[in-house]
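Text of work.csv (CSV, C-alpha atoms) as supplied:
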```
chain,number,residue,atom,x,y,z
C,1,MET,CA,24.5,-78.2,115.6
C,2,THR,CA,20.9,-78.2,116.7
C,3,GLU,CA,21.9,-77.9,120.4
C,4,THR,CA,24.2,-75.1,119.7
C,5,LEU,CA,21.5,-73.2,117.8
C,6,LEU,CA,19.0,-73.8,120.6
C,7,LEU,CA,21.5,-72.6,123.2
C,8,ILE,CA,22.2,-69.4,121.2
C,9,GLY,CA,18.4,-68.8,121.0
C,10,ILE,CA,18.1,-69.4,124.7
C,11,LEU,CA,20.9,-66.9,125.4
C,12,ALA,CA,19.2,-64.4,123.2
C,13,LEU,CA,15.9,-64.8,125.0
C,14,PHE,CA,17.7,-64.6,128.3
C,15,GLY,CA,19.4,-61.4,127.2
C,16,VAL,CA,16.0,-59.8,126.2
C,17,GLY,CA,14.4,-60.7,129.5
C,18,LEU,CA,17.4,-59.5,131.6
C,19,TYR,CA,17.6,-56.2,129.6
C,20,GLY,CA,13.9,-55.7,130.1
C,21,MET,CA,14.2,-56.3,133.9
C,22,MET,CA,16.9,-53.7,134.1
C,23,ILE,CA,15.3,-50.9,132.0
C,24,LEU,CA,11.6,-51.2,132.7
C,25,HIS,CA,9.9,-49.5,135.6
C,26,ASN,CA,6.3,-50.5,135.1
C,27,PHE,CA,5.2,-53.2,137.5
C,28,ILE,CA,3.3,-55.3,134.9
C,29,LYS,CA,6.1,-54.9,132.3
C,30,LEU,CA,8.5,-56.2,134.9
C,31,VAL,CA,6.4,-59.3,135.5
C,32,ILE,CA,6.3,-59.8,131.7
C,33,ALA,CA,10.1,-59.6,131.5
C,34,LEU,CA,10.4,-62.1,134.4
C,35,GLN,CA,8.0,-64.4,132.5
C,36,ILE,CA,10.4,-64.3,129.5
C,37,LEU,CA,13.3,-65.2,131.8
C,38,THR,CA,11.5,-68.2,133.3
C,39,LYS,CA,10.2,-69.5,129.9
C,40,THR,CA,13.9,-69.4,128.9
C,41,ALA,CA,14.7,-71.6,131.9
C,42,VAL,CA,11.9,-74.1,131.0
C,43,LEU,CA,13.4,-74.5,127.5
C,44,ALA,CA,16.9,-74.7,128.9
C,45,PHE,CA,16.0,-77.5,131.3
C,46,VAL,CA,14.4,-79.6,128.5
C,47,ILE,CA,17.4,-79.1,126.2
C,48,ALA,CA,19.9,-79.9,129.0
C,49,GLY,CA,18.0,-83.1,129.7
C,50,GLU,CA,18.2,-84.0,126.0
C,51,MET,CA,21.9,-83.3,125.9
C,52,ASN,CA,22.8,-85.3,129.0
C,53,GLY,CA,20.6,-88.2,128.3
C,54,GLN,CA,18.4,-87.4,131.4
C,55,ILE,CA,15.3,-86.5,129.5
C,56,GLN,CA,12.8,-87.3,132.2
C,57,LEU,CA,14.7,-85.4,134.9
C,58,GLY,CA,14.9,-82.3,132.6
C,59,GLN,CA,11.2,-82.5,131.9
C,60,SER,CA,10.3,-82.9,135.6
C,61,LEU,CA,12.4,-79.8,136.5
C,62,ALA,CA,10.8,-77.9,133.6
C,63,LEU,CA,7.3,-78.7,134.9
C,64,THR,CA,8.3,-77.4,138.4
C,65,VAL,CA,9.6,-74.2,136.8
C,66,ILE,CA,6.3,-73.8,134.9
C,67,VAL,CA,4.3,-74.1,138.1
C,68,ALA,CA,6.6,-71.7,139.9
C,69,ASP,CA,6.6,-69.3,137.0
C,70,THR,CA,2.8,-69.3,137.0
C,71,MET,CA,2.6,-68.6,140.7
C,72,VAL,CA,5.2,-65.8,140.4
C,73,ALA,CA,3.0,-64.3,137.7
C,74,VAL,CA,-0.1,-64.5,139.9
C,75,VAL,CA,1.5,-63.0,143.0
C,76,GLY,CA,3.2,-60.4,140.9
C,77,LEU,CA,-0.1,-59.3,139.3
C,78,ALA,CA,-1.8,-59.3,142.6
C,79,LEU,CA,0.9,-57.0,143.9
C,80,ALA,CA,0.6,-54.8,140.9
C,81,VAL,CA,-3.2,-54.4,141.4
C,82,GLN,CA,-2.7,-53.6,145.1
C,83,VAL,CA,0.1,-51.1,144.3
C,84,ARG,CA,-2.0,-49.4,141.7
C,85,ARG,CA,-4.9,-49.1,144.2
C,86,HIS,CA,-2.7,-47.7,147.0
C,87,PHE,CA,-0.2,-45.6,145.1
C,88,GLY,CA,-2.3,-44.7,142.0
C,89,THR,CA,0.5,-45.7,139.7
C,90,LEU,CA,2.4,-48.8,138.5
C,91,ASP,CA,5.7,-47.0,138.5
C,92,ILE,CA,8.0,-48.9,140.8
C,93,ARG,CA,9.9,-45.7,141.6
C,94,ALA,CA,6.8,-44.6,143.5
C,95,LEU,CA,7.3,-47.5,145.9
C,96,SER,CA,10.6,-46.2,147.1
C,97,THR,CA,10.1,-44.5,150.5
C,98,LEU,CA,13.8,-44.3,151.3
C,99,LYS,CA,14.1,-40.9,149.6
C,100,ARG,CA,11.4,-39.3,151.7
T,101,MET,CA,17.7,-75.9,111.4
T,102,GLU,CA,14.0,-76.7,111.9
T,103,PHE,CA,14.2,-74.6,115.2
T,104,LEU,CA,15.6,-71.5,113.5
T,105,PRO,CA,12.2,-69.8,112.6
T,106,LEU,CA,10.8,-70.7,116.0
T,107,LEU,CA,13.8,-69.2,117.8
T,108,ILE,CA,13.9,-66.1,115.7
T,109,GLY,CA,10.1,-65.6,116.2
T,110,SER,CA,10.3,-66.1,119.9
T,111,VAL,CA,13.2,-63.7,120.3
T,112,ALA,CA,11.3,-61.1,118.1
T,113,PHE,CA,8.1,-61.6,120.1
T,114,ALA,CA,10.0,-61.1,123.4
T,115,VAL,CA,11.5,-57.9,122.1
T,116,PHE,CA,8.1,-56.7,121.1
T,117,ALA,CA,6.7,-57.6,124.5
T,118,VAL,CA,9.4,-55.6,126.3
T,119,ARG,CA,9.1,-52.6,123.9
T,120,ALA,CA,5.3,-52.5,123.7
T,121,VAL,CA,3.7,-49.2,124.7
T,122,ARG,CA,0.4,-50.6,125.8
T,123,LEU,CA,0.2,-53.3,128.5
T,124,LEU,CA,-2.4,-55.4,126.7
T,125,HIS,CA,-0.1,-55.6,123.6
T,126,ALA,CA,2.8,-56.7,125.8
T,127,ALA,CA,0.7,-59.5,127.3
T,128,LEU,CA,-0.4,-60.7,123.9
T,129,TRP,CA,3.2,-60.7,122.6
T,130,LEU,CA,4.2,-62.7,125.7
T,131,ALA,CA,1.5,-65.2,124.8
T,132,GLY,CA,3.1,-65.5,121.4
T,133,VAL,CA,6.5,-66.2,123.0
T,134,SER,CA,4.8,-68.9,125.1
T,135,ILE,CA,3.2,-70.5,122.0
T,136,LEU,CA,6.5,-70.6,120.1
T,137,ILE,CA,8.3,-72.1,123.1
T,138,SER,CA,5.7,-74.8,123.5
T,139,LEU,CA,6.1,-75.6,119.7
T,140,MET,CA,9.8,-75.9,120.3
T,141,LEU,CA,9.2,-78.2,123.3
T,142,TYR,CA,6.9,-80.3,121.2
T,143,ARG,CA,9.5,-80.7,118.5
T,144,LEU,CA,12.1,-81.7,121.1
T,145,GLY,CA,9.9,-84.6,122.2
T,146,ALA,CA,8.7,-83.1,125.5
T,147,TRP,CA,5.0,-83.4,124.6
T,148,GLU,CA,3.6,-83.2,128.2
T,149,ILE,CA,5.6,-80.1,128.9
T,150,ALA,CA,4.6,-78.5,125.6
T,151,ILE,CA,0.9,-79.1,126.4
T,152,ILE,CA,1.3,-77.7,129.9
T,153,GLU,CA,3.2,-74.7,128.7
T,154,LEU,CA,0.7,-74.0,126.0
T,155,SER,CA,-2.3,-74.3,128.3
T,156,VAL,CA,-0.8,-72.7,131.4
T,157,GLY,CA,1.8,-70.3,129.9
T,158,ALA,CA,-0.2,-69.1,126.9
T,159,GLY,CA,-3.7,-69.6,128.3
T,160,LEU,CA,-4.0,-69.1,132.0
T,161,VAL,CA,-1.2,-66.6,132.4
T,162,THR,CA,-2.5,-64.5,129.5
T,163,VAL,CA,-6.0,-64.6,130.9
T,164,LEU,CA,-4.6,-63.4,134.3
T,165,PHE,CA,-2.7,-60.6,132.6
T,166,VAL,CA,-5.7,-59.4,130.7
T,167,PHE,CA,-7.8,-59.6,133.8
T,168,ALA,CA,-5.3,-57.6,135.8
T,169,ILE,CA,-5.0,-55.0,133.1
T,170,ALA,CA,-8.7,-54.7,132.9
T,171,VAL,CA,-8.9,-54.2,136.6
T,172,ILE,CA,-6.2,-51.5,136.8
T,173,GLY,CA,-6.6,-50.0,133.4
T,174,ASP,CA,-4.5,-50.3,130.3
T,175,GLU,CA,-2.4,-47.2,130.6
T,176,ALA,CA,0.3,-46.4,128.1
T,177,VAL,CA,3.7,-46.8,129.6
T,178,SER,CA,6.8,-44.9,128.6
T,179,VAL,CA,9.7,-47.0,127.5
T,180,ARG,CA,12.0,-44.6,129.3
T,181,SER,CA,14.8,-46.4,131.0
T,182,LEU,CA,15.1,-46.8,134.8
T,183,THR,CA,18.8,-47.4,134.5
T,184,PRO,CA,20.9,-45.9,131.7
T,185,LYS,CA,20.4,-48.0,128.6
T,186,SER,CA,24.1,-48.2,127.9
T,187,LEU,CA,24.8,-49.6,131.4
T,188,ALA,CA,21.9,-52.1,131.1
T,189,ALA,CA,23.2,-53.2,127.7
T,190,ALA,CA,26.7,-53.5,129.0
T,191,LEU,CA,25.6,-55.6,132.0
T,192,THR,CA,23.5,-57.8,129.8
T,193,ALA,CA,26.4,-58.4,127.4
T,194,ALA,CA,28.7,-59.2,130.3
T,195,VAL,CA,26.3,-61.8,131.7
T,196,LEU,CA,25.8,-63.3,128.3
T,197,ILE,CA,29.6,-63.5,127.7
T,198,LEU,CA,30.0,-65.2,131.1
T,199,LEU,CA,27.2,-67.7,130.2
T,200,CYS,CA,28.9,-68.4,126.8
T,201,LEU,CA,32.2,-69.1,128.6
T,202,PHE,CA,30.4,-71.6,130.8
T,203,LEU,CA,28.4,-73.2,128.0
T,204,PHE,CA,30.7,-73.4,125.0
T,205,PRO,CA,32.1,-75.8,123.9
T,206,LEU,CA,29.1,-77.9,124.7
T,207,PRO,CA,29.7,-80.8,127.1
T,208,VAL,CA,27.8,-83.2,125.0
T,209,GLU,CA,28.3,-86.9,125.9
T,210,GLU,CA,29.4,-89.2,123.1
T,211,ASN,CA,27.0,-92.0,124.1
T,212,PRO,CA,24.4,-90.5,126.4
T,213,THR,CA,22.6,-93.1,128.5
T,214,VAL,CA,19.0,-92.4,127.6
T,215,GLN,CA,16.6,-93.7,130.2
T,216,VAL,CA,14.1,-95.2,127.8
T,217,GLU,CA,12.5,-97.5,130.3
T,218,THR,CA,11.2,-94.8,132.6
T,219,THR,CA,8.4,-92.5,131.4
T,220,PHE,CA,7.9,-88.9,132.4
T,221,ALA,CA,5.0,-89.9,134.7
T,222,VAL,CA,7.1,-92.5,136.5
T,223,SER,CA,10.0,-90.2,136.9
T,224,PHE,CA,7.8,-87.3,138.2
T,225,TRP,CA,5.6,-89.2,140.6
T,226,GLN,CA,8.2,-91.6,142.0
T,227,ASP,CA,11.6,-90.0,141.7
T,228,ARG,CA,10.6,-86.4,142.1
T,229,VAL,CA,8.0,-86.6,144.9
T,230,LEU,CA,9.5,-83.6,146.6
T,231,ASP,CA,8.9,-81.5,143.4
T,232,ALA,CA,5.3,-82.5,143.5
T,233,LEU,CA,4.9,-81.4,147.1
T,234,LEU,CA,6.6,-78.2,146.3
T,235,GLN,CA,4.2,-77.6,143.4
T,236,VAL,CA,1.3,-78.2,145.7
T,237,MET,CA,2.7,-75.5,148.1
T,238,LEU,CA,3.2,-73.2,145.1
T,239,ILE,CA,-0.3,-73.7,143.9
T,240,PHE,CA,-1.6,-72.7,147.4
T,241,ALA,CA,0.6,-69.6,147.2
T,242,GLY,CA,-1.0,-68.9,143.9
T,243,VAL,CA,-4.5,-69.2,145.3
T,244,LEU,CA,-3.6,-66.7,148.0
T,245,GLY,CA,-2.2,-64.5,145.2
T,246,VAL,CA,-5.5,-64.7,143.3
T,247,MET,CA,-7.4,-63.7,146.5
T,248,GLY,CA,-5.1,-60.7,146.6
T,249,LEU,CA,-5.9,-60.0,143.0
T,250,LEU,CA,-9.6,-60.1,143.6
T,251,ASP,CA,-9.6,-58.3,147.0
T,252,ASP,CA,-11.3,-54.9,146.9
T,253,PRO,CA,-10.1,-52.7,149.7
T,254,LYS,CA,-12.9,-50.1,149.3
T,255,PRO,CA,-15.6,-51.8,151.4
T,256,ARG,CA,-13.1,-52.3,154.2
T,257,VAL,CA,-12.1,-48.7,154.1
T,258,ALA,CA,-15.7,-47.7,154.3
T,259,ALA,CA,-16.4,-50.1,157.1
T,260,SER,CA,-13.4,-48.9,159.1
T,261,SER,CA,-14.3,-45.2,158.6
T,262,ALA,CA,-17.9,-45.9,159.8
T,263,ALA,CA,-16.5,-47.7,162.8
T,264,GLN,CA,-14.2,-44.8,163.5
T,265,ALA,CA,-17.1,-42.4,163.3
T,266,GLU,CA,-19.1,-44.5,165.7
T,267,ASN,CA,-16.2,-44.6,168.1
T,268,THR,CA,-15.6,-40.9,168.0
T,269,ALA,CA,-19.2,-39.9,168.4
T,270,PRO,CA,-19.7,-41.0,172.0
T,271,HIS,CA,-16.3,-39.6,172.8
T,272,ASP,CA,-17.4,-36.3,171.5
T,273,GLU,CA,-20.6,-36.4,173.5
T,274,GLU,CA,-18.6,-37.2,176.7
T,275,SER,CA,-16.2,-34.3,176.0
T,276,ILE,CA,-19.2,-32.0,175.5
T,277,ALA,CA,-20.8,-33.2,178.8
T,278,ASP,CA,-17.4,-32.7,180.6
T,279,SER,CA,-17.2,-29.1,179.3
T,280,HIS,CA,-20.8,-28.4,180.5
T,281,LEU,CA,-19.8,-29.7,184.0
T,282,GLU,CA,-16.8,-27.4,184.0
T,283,GLU,CA,-18.9,-24.5,183.0
T,284,GLU,CA,-21.4,-25.2,185.8
T,285,ARG,CA,-18.6,-25.4,188.3
T,286,VAL,CA,-17.3,-22.0,187.2
```

Starting from the file, give its structure as structure tokens.
Amino acid sequence: MTETLLLIGILALFGVGLYGMMILHNFIKLVIALQILTKTAVLAFVIAGEMNGQIQLGQSLALTVIVADTMVAVVGLALAVQVRRHFGTLDIRALSTLKR
Amino acid sequence: MEFLPLLIGSVAFAVFAVRAVRLLHAALWLAGVSILISLMLYRLGAWEIAIIELSVGAGLVTVLFVFAIAVIGDEAVSVRSLTPKSLAAALTAAVLILLCLFLFPLPVEENPTVQVETTFAVSFWQDRVLDALLQVMLIFAGVLGVMGLLDDPKPRVAASSAAQAENTAPHDEESIADSHLEEERV
């Protein structure tokens, strides 16, 4: 019962992050939506390890995801700062040069 | 049922983070999501992961978000959709339905073989050495990212424009001298 509840919560969090990734067009808000998705992955790894009896493996993978998640946030924020300096906006539609 | 308030709170904070108008508020709601997820991890028995998530996810990442927002300005963002909201909602629902088809009914083992004899540290440092190396590489990538975050292009632009001015000045003098020679010939 607890695992089912946790998985439903994980699916809800995943849905919020995915929906945010699709509708948002601000660079920093996109990074925030990506962070929600990766935090969902961390929780899912730990719960999957608990369910399959491989607790340590799930926790190791969760730690790797946390590190990767942090680095994605850092690189994404650096990109956002540089985009703001060069284009004057955080709107990702301004980055598209294919229309010009 | 002990996880229900934490789950509802984390989903609500995530919705607030996505729908927040100001960037700083969105970053703070995201920190709230991270805190609640670390509480859930602690309740699940993953104490090390909970502490790391709390310190890195709720601490370091939030500080980086606040720093970046302070650098570029906390502008109000419109929640206007990039793709049609109905299409985004339909795609999200389709993905969630597919995930539910994969996940349920849960493949829970009757008698899971719990590896009690190994600890997290032993499993991570001995069995998952490649993960540790990968994390070192990722941390180096993050350091480069921080350098990009702190890099200020203005002095470079000023220096390059000064160098261009120096390069063009002698060229102009040469062209002026050439024009004088041509006038003398005429």

Could you tell me which residues of chain C sit within 8 Å of chain T when counting only C-alpha atoms, and give me the result as a ChimeraX atom specification? /C:2,4-6,9,11-13,15-20,22-26,28-29,32-33,35-36,39,43,46-47,51-57,59-64,66-68,70-75,77-79,81-82,84-85

Got a sec: who's within 7 Å of Ile10 of chain C, counting only C-alpha atoms, leaving out chain neighbours fewer than 4 positions off, as a PyMOL selection string? chain C and resi 6+14+40+44

As JSON: centre and edge lengths in Å, one decimal, of the axis-aligned box holding segment 144-154 of chain T with 8 Å per side:
```
{"center_x": 6.4, "center_y": -79.3, "center_z": 125.5, "size_x": 27.4, "size_y": 26.6, "size_z": 24.8}
```

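A straight line drawn from atom CA of Val42 of chain C to atom CA of His125 of chain T is 23.3 Å long.
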
Give me, please, the distance in Å between atom CA of Ala80 of chain C and atom CA of Ser96 of chain C, quoted to one decimal. 14.6 Å

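Interatomic distance, atom CA of Asp174 of chain T against atom CA of Thr89 of chain C: 11.6 Å.
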